Every structure is written in structure tokens, then in C-alpha cells.
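Undergrad: Here you go, this is target28.cif (mmCIF, C-alpha atoms).
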```cif
data_upload
loop_
_atom_site.label_atom_id
_atom_site.label_comp_id
_atom_site.auth_asym_id
_atom_site.auth_seq_id
_atom_site.Cartn_x
_atom_site.Cartn_y
_atom_site.Cartn_z
CA MET R 9 32.06 -119.43 24.05
CA ILE R 10 35.30 -120.94 22.83
CA PHE R 11 36.00 -117.74 20.91
CA TYR R 12 35.77 -115.62 24.05
CA ARG R 13 38.11 -117.95 25.91
CA TYR R 14 40.78 -117.41 23.27
CA VAL R 15 40.26 -113.65 23.34
CA ALA R 16 40.72 -113.75 27.13
CA GLU R 17 43.88 -115.77 26.57
CA ILE R 18 45.28 -113.14 24.21
CA VAL R 19 44.51 -110.43 26.75
CA PHE R 20 46.25 -112.56 29.40
CA PHE R 21 49.42 -112.64 27.33
CA LEU R 22 49.15 -108.90 26.72
CA PHE R 23 49.19 -108.41 30.49
CA ILE R 24 52.28 -110.60 30.80
CA ALA R 25 53.90 -108.59 28.00
CA ALA R 26 53.04 -105.39 29.91
CA ILE R 27 54.87 -106.75 32.97
CA PHE R 28 57.86 -107.73 30.85
CA PHE R 29 58.13 -104.46 28.92
CA GLY R 30 57.51 -102.39 32.04
CA ALA R 31 60.34 -104.22 33.79
CA VAL R 32 62.76 -103.77 30.90
CA ALA R 33 61.75 -100.13 30.50
CA SER R 34 62.34 -99.42 34.17
CA LEU R 35 65.80 -100.97 33.99
CA ARG R 36 66.89 -99.25 30.79
CA ALA R 37 65.34 -95.84 31.47
CA ARG R 38 67.58 -92.84 31.03
CA TYR R 39 65.60 -90.80 33.52
CA LEU R 40 64.28 -92.02 36.85
CA MET R 41 60.82 -90.71 35.98
CA ASN R 42 60.73 -93.09 33.01
CA ALA R 43 61.68 -95.92 35.35
CA VAL R 44 58.63 -95.04 37.46
CA LEU R 45 56.45 -95.16 34.34
CA GLY R 46 57.85 -98.61 33.56
CA LEU R 47 56.96 -99.69 37.10
CA ALA R 48 53.43 -98.34 36.59
CA LEU R 49 53.05 -100.36 33.38
CA ALA R 50 54.24 -103.52 35.12
CA LEU R 51 51.88 -102.94 38.05
CA ALA R 52 48.99 -102.52 35.61
CA GLY R 53 49.96 -105.88 34.10
CA VAL R 54 49.93 -107.46 37.56
CA ALA R 55 46.47 -105.98 38.12
CA GLY R 56 45.32 -107.68 34.93
CA LEU R 57 46.68 -111.00 36.16
CA PHE R 58 44.79 -110.50 39.43
CA TYR R 59 41.65 -110.09 37.35
CA HIS R 60 42.40 -113.34 35.55
CA LEU R 61 42.90 -115.00 38.93
CA GLY R 62 39.28 -114.31 39.75
CA SER R 63 39.56 -111.22 41.92
CA PRO R 64 38.44 -107.95 40.29
CA PHE R 65 38.52 -106.31 43.71
CA LEU R 66 42.23 -106.98 44.13
CA ALA R 67 42.86 -105.80 40.56
CA LEU R 68 41.19 -102.51 41.42
CA MET R 69 43.16 -102.27 44.66
CA GLN R 70 46.36 -102.90 42.75
CA LEU R 71 45.54 -100.01 40.42
CA LEU R 72 44.62 -97.75 43.35
CA ILE R 73 47.47 -98.59 45.71
CA GLY R 74 50.15 -99.73 43.29
CA ILE R 75 49.85 -97.09 40.64
CA GLY R 76 47.83 -94.47 42.51
CA ALA R 77 49.86 -94.43 45.70
CA ILE R 78 53.28 -95.98 45.22
CA CYS R 79 54.08 -94.51 41.82
CA VAL R 80 52.85 -91.08 42.91
CA ILE R 81 55.05 -91.25 46.04
CA LEU R 82 58.01 -92.20 43.86
CA ALA R 83 57.26 -89.38 41.43
CA PHE R 84 57.10 -86.88 44.29
CA GLY R 85 60.37 -88.22 45.66
CA ILE R 86 62.04 -87.74 42.30
CA MET R 87 60.62 -84.25 41.90
CA THR R 88 61.57 -83.01 45.37
CA ALA R 89 64.98 -84.64 45.40
CA PRO R 90 67.72 -83.85 43.36
CA ARG R 91 68.58 -83.14 39.83
CA PRO R 92 72.11 -84.54 40.13
CA GLU R 93 70.64 -87.98 40.41
CA GLN R 94 68.99 -87.68 37.02
CA GLU R 95 72.24 -86.60 35.49
CA ALA R 96 73.99 -89.50 37.17
CA GLU R 97 71.34 -91.78 35.74
CA MET R 98 71.87 -90.28 32.28
CA LEU R 99 75.58 -90.85 32.44
CA GLY R 100 75.02 -94.40 33.47
CA ALA R 101 73.87 -96.14 30.36
CA VAL R 102 76.51 -98.58 31.50
CA LYS R 103 75.52 -99.56 34.96
CA ARG R 104 77.69 -101.40 37.37
CA ASN R 105 77.94 -104.86 38.86
CA LYS R 106 76.73 -106.81 35.84
CA PRO R 107 78.56 -110.11 36.57
CA LEU R 108 77.48 -110.03 40.20
CA ALA R 109 73.88 -109.39 39.18
CA VAL R 110 73.85 -112.24 36.66
CA VAL R 111 75.32 -114.69 39.19
CA ALA R 112 72.79 -113.66 41.83
CA CYS R 113 69.89 -114.07 39.39
CA LEU R 114 71.02 -117.50 38.25
CA ALA R 115 71.56 -118.64 41.83
CA VAL R 116 68.00 -117.65 42.67
CA SER R 117 66.19 -118.61 39.49
CA ILE R 118 67.58 -122.07 38.67
CA PRO R 119 66.52 -123.82 41.93
CA LEU R 120 63.17 -122.05 41.86
CA ILE R 121 62.45 -123.01 38.23
CA LEU R 122 63.34 -126.63 38.99
CA THR R 123 61.03 -126.55 42.01
CA ILE R 124 58.13 -124.97 40.12
CA VAL R 125 58.33 -127.34 37.17
CA GLY R 126 59.11 -130.49 39.15
CA THR R 127 56.50 -130.23 41.91
CA GLN R 128 53.01 -131.68 41.90
CA TRP R 129 50.74 -129.06 43.43
CA PRO R 130 47.76 -130.80 45.03
CA PRO R 131 44.70 -128.58 45.52
CA ALA R 132 42.91 -128.43 48.85
CA ALA R 133 40.50 -131.29 49.42
CA VAL R 134 37.63 -129.11 50.55
CA ARG R 135 37.07 -125.57 49.30
CA VAL R 136 34.90 -123.22 51.29
CA GLY R 137 33.74 -119.72 50.48
CA ASP R 138 33.99 -117.95 47.16
CA PHE R 139 35.77 -115.02 45.52
CA SER R 140 33.07 -112.48 46.32
CA VAL R 141 33.84 -109.19 48.00
CA LYS R 142 31.24 -110.04 50.66
CA HIS R 143 33.14 -113.14 51.75
CA LEU R 144 36.40 -111.19 51.66
CA GLY R 145 35.00 -108.43 53.83
CA GLU R 146 33.56 -110.86 56.35
CA ASN R 147 36.93 -112.57 56.70
CA LEU R 148 38.74 -109.26 56.93
CA LEU R 149 36.59 -108.11 59.85
CA HIS R 150 36.28 -111.43 61.67
CA GLN R 151 39.18 -113.82 61.30
CA PHE R 152 41.81 -111.27 60.24
CA CYS R 153 40.58 -108.34 62.29
CA LEU R 154 43.75 -108.11 64.36
CA SER R 155 46.02 -108.16 61.30
CA PHE R 156 43.85 -105.54 59.66
CA GLU R 157 44.18 -103.21 62.62
CA LEU R 158 47.91 -103.90 62.88
CA ILE R 159 48.37 -102.93 59.23
CA SER R 160 46.55 -99.68 59.93
CA VAL R 161 48.87 -98.96 62.86
CA VAL R 162 51.92 -99.82 60.74
CA LEU R 163 50.75 -97.44 58.01
CA LEU R 164 50.17 -94.66 60.54
CA ALA R 165 53.57 -95.22 62.14
CA ALA R 166 55.27 -95.29 58.74
CA ILE R 167 53.69 -92.02 57.66
CA LEU R 168 54.51 -90.28 60.96
CA GLY R 169 58.03 -91.68 60.80
CA ALA R 170 58.42 -90.50 57.24
CA LEU R 171 57.35 -86.98 58.20
CA ALA R 172 59.69 -86.94 61.20
CA ILE R 173 62.66 -88.26 59.23
CA ALA R 174 62.12 -85.80 56.40
CA ARG R 175 62.10 -82.89 58.90
CA ILE R 176 65.26 -84.11 60.60
CA GLY R 177 66.89 -84.28 57.19
CA ARG R 178 66.08 -80.61 56.60
CA GLY R 179 68.00 -79.70 59.73
CA ASP R 180 65.12 -78.17 61.66
CA TRP R 181 65.42 -80.53 64.59
CA GLU R 182 69.17 -80.82 64.87
CA MET A 29 42.72 -128.34 26.55
CA ILE A 30 44.00 -126.43 29.56
CA LEU A 31 44.96 -122.90 28.54
CA PRO A 32 48.05 -121.28 30.08
CA SER A 33 45.92 -118.78 31.98
CA GLU A 34 44.33 -121.70 33.83
CA GLN A 35 47.58 -123.23 34.99
CA LEU A 36 49.35 -122.50 38.24
CA THR A 37 52.81 -122.82 36.66
CA THR A 38 52.33 -119.83 34.37
CA TYR A 39 51.61 -117.49 37.26
CA LEU A 40 54.46 -118.91 39.33
CA LEU A 41 56.89 -118.31 36.46
CA VAL A 42 55.69 -114.72 36.06
CA GLY A 43 56.12 -114.20 39.81
CA LEU A 44 59.60 -115.73 39.58
CA PHE A 45 60.44 -113.37 36.71
CA MET A 46 59.44 -110.40 38.85
CA LEU A 47 61.54 -111.63 41.77
CA VAL A 48 64.62 -112.31 39.65
CA PHE A 49 64.24 -109.08 37.72
CA GLY A 50 63.90 -107.17 40.99
CA ILE A 51 67.13 -108.67 42.33
CA TYR A 52 68.97 -107.98 39.08
CA SER A 53 67.74 -104.43 38.88
CA MET A 54 68.45 -103.76 42.55
CA ILE A 55 72.07 -104.78 42.11
CA ARG A 56 72.51 -102.80 38.92
CA HIS A 57 70.75 -99.54 39.71
CA ARG A 58 72.97 -96.66 40.67
CA THR A 59 70.51 -94.69 42.78
CA PHE A 60 68.49 -95.33 45.92
CA ILE A 61 65.24 -94.53 44.12
CA GLY A 62 66.05 -97.08 41.41
CA MET A 63 66.63 -99.68 44.12
CA LEU A 64 63.28 -98.77 45.69
CA ILE A 65 61.57 -99.34 42.32
CA SER A 66 63.21 -102.77 42.15
CA SER A 67 61.92 -103.65 45.60
CA GLU A 68 58.39 -102.87 44.38
CA PHE A 69 58.87 -105.46 41.66
CA ILE A 70 59.91 -108.07 44.24
CA LEU A 71 56.94 -107.33 46.49
CA ASN A 72 54.48 -107.52 43.60
CA GLY A 73 55.96 -110.84 42.50
CA ALA A 74 55.28 -112.12 46.01
CA GLY A 75 51.72 -110.83 45.86
CA LEU A 76 51.17 -112.52 42.50
CA ASN A 77 52.38 -115.82 43.97
CA PHE A 78 49.97 -115.50 46.88
CA MET A 79 47.09 -114.84 44.50
CA ALA A 80 48.03 -117.78 42.25
CA PHE A 81 48.20 -120.27 45.13
CA ASN A 82 45.00 -118.77 46.46
CA ARG A 83 43.17 -119.33 43.17
CA PHE A 84 44.35 -122.85 42.48
CA LEU A 85 45.20 -124.57 45.77
CA ALA A 86 43.84 -122.79 48.83
CA ALA A 87 40.89 -124.04 50.82
CA ASP A 88 39.48 -120.57 51.44
CA PRO A 89 39.92 -118.07 48.59
CA ALA A 90 39.64 -115.07 50.92
CA VAL A 91 42.93 -115.76 52.71
CA GLY A 92 45.29 -115.17 49.80
CA GLN A 93 43.45 -112.03 48.75
CA ILE A 94 43.72 -110.60 52.25
CA PHE A 95 47.44 -111.36 52.42
CA THR A 96 47.96 -109.72 49.05
CA LEU A 97 46.14 -106.65 50.34
CA PHE A 98 48.48 -106.60 53.35
CA ILE A 99 51.51 -106.86 51.06
CA MET A 100 50.25 -103.87 49.06
CA GLY A 101 49.70 -101.85 52.23
CA LEU A 102 53.15 -102.67 53.55
CA ALA A 103 54.69 -101.83 50.17
CA ALA A 104 53.05 -98.40 50.26
CA ALA A 105 54.23 -97.77 53.83
CA GLU A 106 57.72 -98.91 52.92
CA ALA A 107 57.85 -96.65 49.88
CA ALA A 108 56.82 -93.59 51.91
CA LEU A 109 59.37 -94.33 54.61
CA ILE A 110 62.23 -94.98 52.22
CA ILE A 111 61.51 -91.87 50.15
CA SER A 112 61.84 -89.77 53.31
CA LEU A 113 65.07 -91.58 54.20
CA ILE A 114 66.39 -90.86 50.70
CA LEU A 115 65.54 -87.18 51.10
CA MET A 116 67.37 -87.11 54.43
CA VAL A 117 70.40 -88.83 52.96
CA TYR A 118 70.36 -86.37 50.07
CA HIS A 119 70.34 -83.35 52.37
CA LYS A 120 73.18 -84.81 54.42
CA TYR A 121 75.43 -86.11 51.64
CA GLN A 122 74.23 -84.17 48.57
CA SER A 123 74.04 -87.49 46.73
CA ILE A 124 71.75 -90.46 46.36
CA ASP A 125 74.38 -92.81 45.02
CA PRO A 126 74.68 -95.74 47.45
CA ARG A 127 78.46 -95.65 47.10
CA ASP A 128 78.71 -92.14 48.55
CA VAL A 129 76.93 -93.08 51.76
CA ARG A 130 79.70 -94.91 53.57
CA ASP A 131 80.39 -93.30 56.90
CA LEU A 132 80.26 -96.73 58.52
CA LYS A 133 82.67 -98.12 55.87
CA GLY A 134 80.10 -100.69 54.78
#
```
Using C-alpha cells, write down the structure from this file.

TA:
Amino acid sequence: MIFYRYVAEIVFFLFIAAIFFGAVASLRARYLMNAVLGLALALAGVAGLFYHLGSPFLALMQLLIGIGAICVILAFGIMTAPRPEQEAEMLGAVKRNKPLAVVACLAVSIPLILTIVGTQWPPAAVRVGDFSVKHLGENLLHQFCLSFELISVVLLAAILGALAIARIGRGDWE
Amino acid sequence: MILPSEQLTTYLLVGLFMLVFGIYSMIRHRTFIGMLISSEFILNGAGLNFMAFNRFLAADPAVGQIFTLFIMGLAAAEAALIISLILMVYHKYQSIDPRDVRDLKG
């Protein structure tokens, strides 16, 4: 049993490495499409962490929505929009605003690291329910029914808005 | 021995890395689509945090999972909307560099 725990631990660190390398790849990519592939790698790593956190369902959803939907939308955006952008991205091995970016990152990360390391996180006294999909579904359709429906409406509105905005941009409605 | 994959701090630090990397990359990218990719990193870091707190601290483990699902749904909606905005901006300005879009002198 101990052996399998250590194997799981190695896989865990592989997932973290996937997040890290995906992030670096998406920042240093010469083409935007490579940046999207880096994002997909990082999202797959996050899905693996979800699995380690006891929720295979969420890991699957992350693969479906994160990689299957978001990365495909981004890829379509890059394909339908513009070549000039890729050339701009190629020219820009040196990107701008480095000092500003470093200052912003330090200002965010230092207080948060101190908080994470210095805080005692007490778990809840009583734990109810489990990680099963059955319990999740019951909650989704009872306690969080309104939020669930609202998310559906938001998605519908976003898609209709996206269609409308894209048509206005083409000049048909002006 | 408590392994790192069974500690809350590990997940929080990974989530923090995604947040900080997203901010860094959003400031440094030269295109709108690059900035959109960075925002996906930030949103996924938030989702990872929700899942970590849900696993280790929460009273009911369904709540964090449902919120993470909502974050994913909103991220997808946001990506679709912003891609269409980028296409509109491209047709209007023939550029997707944020510096070229400055009619309001922002």
C-alpha cells in the first residue's frame, strides 16, 4: 500500500510540473496557438489536482470544459482573427512592462504567501455528505437550484451576446 | 508522515502560483488573446483554491465542487464573449494590440 501512495505522490508532482511548464510555455510562446497549447497543458494539470482532491467528476469536467470548450474557442478566435497578431507576437520575444509586472506580482504574492504559511486552518467540526456524484447532483438540484439556473441563463446570454457583437463587428448592423 | 498531496498548503501555493502567473502574463502579453489566456489561468487558480478548501476544511464537500463548476461555466461564457469582442475590435481597428485601441485616451 505504501508503494502505491508514493507512486500517487510522484504523479501529483507531475501534475504540478504540467501546470508550471504549461504556464511558462504559454508566456514564452512565439505563436499564440502555442500559448493556447500551454494553457491546455496547465488545465490538464489542474484536472489532475482535482482528481487528487477527491473529485474525479470535477476532473472530467475540467477536461471537458477547460480544454474541450475554452481552448477550442481560443483556437477558433486565433484562426478567424488576424495574421498580423501572430507576426506581432513573433516580433515580441521582448515583451513590454517587465518592471511593472514584477512589482505587481511581488505586491500580490508576498502578503498571500505570508498568510498561507502563517495561518492555522481549522477544519469544520462536523462533516456531512461525501464526494459522490449522487450527493453533488442532489445538492445541485435542491440547495443550489437557483444558482444552477442562473448560470444557464448567463451562458445563454453570453452566447447570444457574442453572436450579436461579432455581427456588429462585421458591419452588417451598422 | 503527511505527504505534500495531503496538505492544504501545497494546493494553496499552486493556486497562488496560477494567480500570480496570470497577473504577470496579463501585464506582459501584447495581444488581447494573450491577456484572455492569462485570465483563464487566474480563474483556474481560484477554482483550485475552492476545491482545496472544499477537500480539507468544508463541512459539506458538495459546495466547493458546485462553486468550481460555476467558475468553469463562467470562464467559458467569458471566453466566448471576449473572443467576439476581440473580433469586433479587430474589424474596427485592424489590430488586436491593446495600445492601438485608445479612442477614449485610456

Undergrad: Enumerate, as an MDAnalysis selection string, the residues matched when the PyMOL selection byres ((chain A and resi 114-124) around 6) is run on the file above.

TA: (chainID R and resid 174 177) or (chainID A and resid 59:60 111:113 125)

Undergrad: Which residue, R:Val32, R:Met87, R:Val19, R:Ala132, has the smallest gap to chain A when you use all atoms listed in the file?

TA: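 Selected residue with least distance to chain A: R:Ala132.
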
Undergrad: I'd like the interatomic distance between CA of Asn82 (chain A) and CA of Ala105 (chain A), to a tenth of an Å.

TA: 24.1 Å

Undergrad: I want to know what sits within 12 Å of Val110 (chain R), based on only C-alpha atoms, with residues of the same chain fewer than 2 positions away left out; could you give that as number ranges by chain?

TA: R: 104-108, 112-118; A: 48-56

Undergrad: Just C-alpha atoms for this one: save the residues we selected as a PDB file, in the coordinates of the input.

TA:
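Now in out_18.pdb:
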```pdb
ATOM      1  CA  ARG R 104      77.690-101.400  37.370  1.00  0.00           C
ATOM      2  CA  ASN R 105      77.940-104.860  38.860  1.00  0.00           C
ATOM      3  CA  LYS R 106      76.730-106.810  35.840  1.00  0.00           C
ATOM      4  CA  PRO R 107      78.560-110.110  36.570  1.00  0.00           C
ATOM      5  CA  LEU R 108      77.480-110.030  40.200  1.00  0.00           C
ATOM      6  CA  ALA R 112      72.790-113.660  41.830  1.00  0.00           C
ATOM      7  CA  CYS R 113      69.890-114.070  39.390  1.00  0.00           C
ATOM      8  CA  LEU R 114      71.020-117.500  38.250  1.00  0.00           C
ATOM      9  CA  ALA R 115      71.560-118.640  41.830  1.00  0.00           C
ATOM     10  CA  VAL R 116      68.000-117.650  42.670  1.00  0.00           C
ATOM     11  CA  SER R 117      66.190-118.610  39.490  1.00  0.00           C
ATOM     12  CA  ILE R 118      67.580-122.070  38.670  1.00  0.00           C
TER      13      ILE R 118
ATOM     14  CA  VAL A  48      64.620-112.310  39.650  1.00  0.00           C
ATOM     15  CA  PHE A  49      64.240-109.080  37.720  1.00  0.00           C
ATOM     16  CA  GLY A  50      63.900-107.170  40.990  1.00  0.00           C
ATOM     17  CA  ILE A  51      67.130-108.670  42.330  1.00  0.00           C
ATOM     18  CA  TYR A  52      68.970-107.980  39.080  1.00  0.00           C
ATOM     19  CA  SER A  53      67.740-104.430  38.880  1.00  0.00           C
ATOM     20  CA  MET A  54      68.450-103.760  42.550  1.00  0.00           C
ATOM     21  CA  ILE A  55      72.070-104.780  42.110  1.00  0.00           C
ATOM     22  CA  ARG A  56      72.510-102.800  38.920  1.00  0.00           C
TER      23      ARG A  56
END
```

Undergrad: On this structure, the PyMOL selection byres ((chain R and resi 25-27) around 10) would catch which residues? List them as a PyMOL selection string, sorted by chain and number.

TA: (chain R and resi 19-24+28-33+46-57) or (chain A and resi 42+45-46+69)

Undergrad: Assuming the chain letters and numbering stay as they are in my file, what does the PyMOL selection byres ((chain R and resi 122-129) around 9) actually select? List them as a VMD selection string.

TA: (chain R and resid 117 to 121 130 to 131) or (chain A and resid 36 to 37 40 to 41 84 to 85)

Undergrad: So that I can see what lies close to Ala103 (chain A), please list as a list in words the residues with an atom at most 8 Å from it, counting all atoms listed in the file and leaving out residues fewer than 5 positions away in the same chain.

TA: Ile78 of chain R; Glu68 and Leu71 of chain A

Undergrad: Could you check which of A:Ile30, A:Pro126, A:Gly43, A:Leu64 is closest to Ala108 (chain A), using only C-alpha atoms?

TA: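 For Ala108 (chain A), the nearest of the candidates is A:Leu64.
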
Undergrad: Considering all atoms listed in the file, state which residue in the set R:Tyr12, R:Phe65, R:Tyr59, R:Phe139 is at the smallest distance from Leu76 (chain A).

TA: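 Closest to Leu76 (chain A) of all the choices is R:Tyr59.
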
Undergrad: Is it possible to get the axis-aligned box enclosing region 35-50 of chain A (all listed atoms, 8 Å extra per side) as lines of an AutoDock Vina configuration file, with centre and edge lengths in Å rounded to one decimal?

TA:
```
center_x = 56.1
center_y = -115.2
center_z = 38.1
size_x = 33.0
size_y = 32.1
size_z = 23.4
```

Undergrad: Quick test: take region 41-126 of chain A, keep C-alpha atoms, and write it as a PDB file, in the first residue's frame.

TA:
```pdb
ATOM      1  CA  LEU A  41       0.598  27.596  -3.142  1.00  0.00           C
ATOM      2  CA  VAL A  42      -0.179  26.104  -6.562  1.00  0.00           C
ATOM      3  CA  GLY A  43      -3.328  28.257  -6.727  1.00  0.00           C
ATOM      4  CA  LEU A  44      -1.261  31.290  -5.722  1.00  0.00           C
ATOM      5  CA  PHE A  45       1.252  30.479  -8.468  1.00  0.00           C
ATOM      6  CA  MET A  46      -1.550  30.432 -11.025  1.00  0.00           C
ATOM      7  CA  LEU A  47      -2.917  33.761  -9.781  1.00  0.00           C
ATOM      8  CA  VAL A  48       0.479  35.479  -9.763  1.00  0.00           C
ATOM      9  CA  PHE A  49       1.468  34.000 -13.099  1.00  0.00           C
ATOM     10  CA  GLY A  50      -1.845  35.142 -14.581  1.00  0.00           C
ATOM     11  CA  ILE A  51      -1.267  38.714 -13.395  1.00  0.00           C
ATOM     12  CA  TYR A  52       2.317  38.711 -14.676  1.00  0.00           C
ATOM     13  CA  SER A  53       1.350  37.294 -18.026  1.00  0.00           C
ATOM     14  CA  MET A  54      -1.626  39.640 -18.390  1.00  0.00           C
ATOM     15  CA  ILE A  55       0.610  42.662 -17.922  1.00  0.00           C
ATOM     16  CA  ARG A  56       3.281  41.380 -20.274  1.00  0.00           C
ATOM     17  CA  HIS A  57       1.248  39.999 -23.162  1.00  0.00           C
ATOM     18  CA  ARG A  58       0.996  42.205 -26.202  1.00  0.00           C
ATOM     19  CA  THR A  59      -2.303  40.930 -27.576  1.00  0.00           C
ATOM     20  CA  PHE A  60      -5.872  40.717 -26.333  1.00  0.00           C
ATOM     21  CA  ILE A  61      -5.949  36.955 -26.873  1.00  0.00           C
ATOM     22  CA  GLY A  62      -2.813  36.538 -24.768  1.00  0.00           C
ATOM     23  CA  MET A  63      -4.489  38.524 -21.994  1.00  0.00           C
ATOM     24  CA  LEU A  64      -7.560  36.287 -22.262  1.00  0.00           C
ATOM     25  CA  ILE A  65      -5.337  33.213 -21.838  1.00  0.00           C
ATOM     26  CA  SER A  66      -3.872  34.803 -18.693  1.00  0.00           C
ATOM     27  CA  SER A  67      -7.337  35.386 -17.283  1.00  0.00           C
ATOM     28  CA  GLU A  68      -8.049  31.668 -17.708  1.00  0.00           C
ATOM     29  CA  PHE A  69      -5.039  30.951 -15.506  1.00  0.00           C
ATOM     30  CA  ILE A  70      -6.383  33.281 -12.804  1.00  0.00           C
ATOM     31  CA  LEU A  71      -9.853  31.716 -12.890  1.00  0.00           C
ATOM     32  CA  ASN A  72      -8.449  28.192 -12.675  1.00  0.00           C
ATOM     33  CA  GLY A  73      -6.280  29.180  -9.727  1.00  0.00           C
ATOM     34  CA  ALA A  74      -9.443  30.363  -7.994  1.00  0.00           C
ATOM     35  CA  GLY A  75     -11.175  27.086  -8.799  1.00  0.00           C
ATOM     36  CA  LEU A  76      -8.245  25.111  -7.421  1.00  0.00           C
ATOM     37  CA  ASN A  77      -8.435  27.101  -4.179  1.00  0.00           C
ATOM     38  CA  PHE A  78     -12.145  26.366  -3.851  1.00  0.00           C
ATOM     39  CA  MET A  79     -11.513  22.659  -4.367  1.00  0.00           C
ATOM     40  CA  ALA A  80      -8.654  22.603  -1.840  1.00  0.00           C
ATOM     41  CA  PHE A  81     -10.681  24.306   0.894  1.00  0.00           C
ATOM     42  CA  ASN A  82     -13.572  22.041   0.000  1.00  0.00           C
ATOM     43  CA  ARG A  83     -11.474  18.898   0.444  1.00  0.00           C
ATOM     44  CA  PHE A  84      -9.757  19.839   3.681  1.00  0.00           C
ATOM     45  CA  LEU A  85     -11.955  22.277   5.606  1.00  0.00           C
ATOM     46  CA  ALA A  86     -15.537  22.449   4.368  1.00  0.00           C
ATOM     47  CA  ALA A  87     -18.447  20.905   6.219  1.00  0.00           C
ATOM     48  CA  ASP A  88     -20.190  19.731   3.051  1.00  0.00           C
ATOM     49  CA  PRO A  89     -17.905  18.580   0.222  1.00  0.00           C
ATOM     50  CA  ALA A  90     -20.541  19.255  -2.440  1.00  0.00           C
ATOM     51  CA  VAL A  91     -20.457  23.035  -2.015  1.00  0.00           C
ATOM     52  CA  GLY A  92     -16.917  23.659  -3.231  1.00  0.00           C
ATOM     53  CA  GLN A  93     -17.360  21.331  -6.184  1.00  0.00           C
ATOM     54  CA  ILE A  94     -20.505  23.155  -7.258  1.00  0.00           C
ATOM     55  CA  PHE A  95     -18.795  26.533  -6.994  1.00  0.00           C
ATOM     56  CA  THR A  96     -15.880  25.258  -9.041  1.00  0.00           C
ATOM     57  CA  LEU A  97     -18.343  24.079 -11.676  1.00  0.00           C
ATOM     58  CA  PHE A  98     -19.878  27.564 -11.720  1.00  0.00           C
ATOM     59  CA  ILE A  99     -16.435  29.135 -12.125  1.00  0.00           C
ATOM     60  CA  MET A 100     -15.757  26.863 -15.109  1.00  0.00           C
ATOM     61  CA  GLY A 101     -19.095  27.769 -16.688  1.00  0.00           C
ATOM     62  CA  LEU A 102     -18.500  31.480 -16.208  1.00  0.00           C
ATOM     63  CA  ALA A 103     -14.972  31.145 -17.608  1.00  0.00           C
ATOM     64  CA  ALA A 104     -16.368  29.521 -20.756  1.00  0.00           C
ATOM     65  CA  ALA A 105     -19.025  32.225 -21.147  1.00  0.00           C
ATOM     66  CA  GLU A 106     -16.423  34.919 -20.602  1.00  0.00           C
ATOM     67  CA  ALA A 107     -14.074  33.413 -23.168  1.00  0.00           C
ATOM     68  CA  ALA A 108     -16.811  33.276 -25.823  1.00  0.00           C
ATOM     69  CA  LEU A 109     -17.853  36.858 -25.150  1.00  0.00           C
ATOM     70  CA  ILE A 110     -14.336  38.254 -25.158  1.00  0.00           C
ATOM     71  CA  ILE A 111     -13.363  36.421 -28.348  1.00  0.00           C
ATOM     72  CA  SER A 112     -16.291  38.075 -30.120  1.00  0.00           C
ATOM     73  CA  LEU A 113     -15.274  41.459 -28.678  1.00  0.00           C
ATOM     74  CA  ILE A 114     -11.731  40.878 -29.937  1.00  0.00           C
ATOM     75  CA  LEU A 115     -13.055  40.070 -33.408  1.00  0.00           C
ATOM     76  CA  MET A 116     -15.115  43.269 -33.371  1.00  0.00           C
ATOM     77  CA  VAL A 117     -12.144  45.329 -32.247  1.00  0.00           C
ATOM     78  CA  TYR A 118     -10.037  43.739 -34.975  1.00  0.00           C
ATOM     79  CA  HIS A 119     -12.527  44.623 -37.692  1.00  0.00           C
ATOM     80  CA  LYS A 120     -12.758  48.192 -36.427  1.00  0.00           C
ATOM     81  CA  TYR A 121      -9.086  48.908 -35.743  1.00  0.00           C
ATOM     82  CA  GLN A 122      -7.281  46.247 -37.828  1.00  0.00           C
ATOM     83  CA  SER A 123      -5.235  45.427 -34.723  1.00  0.00           C
ATOM     84  CA  ILE A 124      -5.513  43.448 -31.533  1.00  0.00           C
ATOM     85  CA  ASP A 125      -2.750  45.270 -29.719  1.00  0.00           C
ATOM     86  CA  PRO A 126      -4.260  46.892 -26.614  1.00  0.00           C
TER      87      PRO A 126
END
```
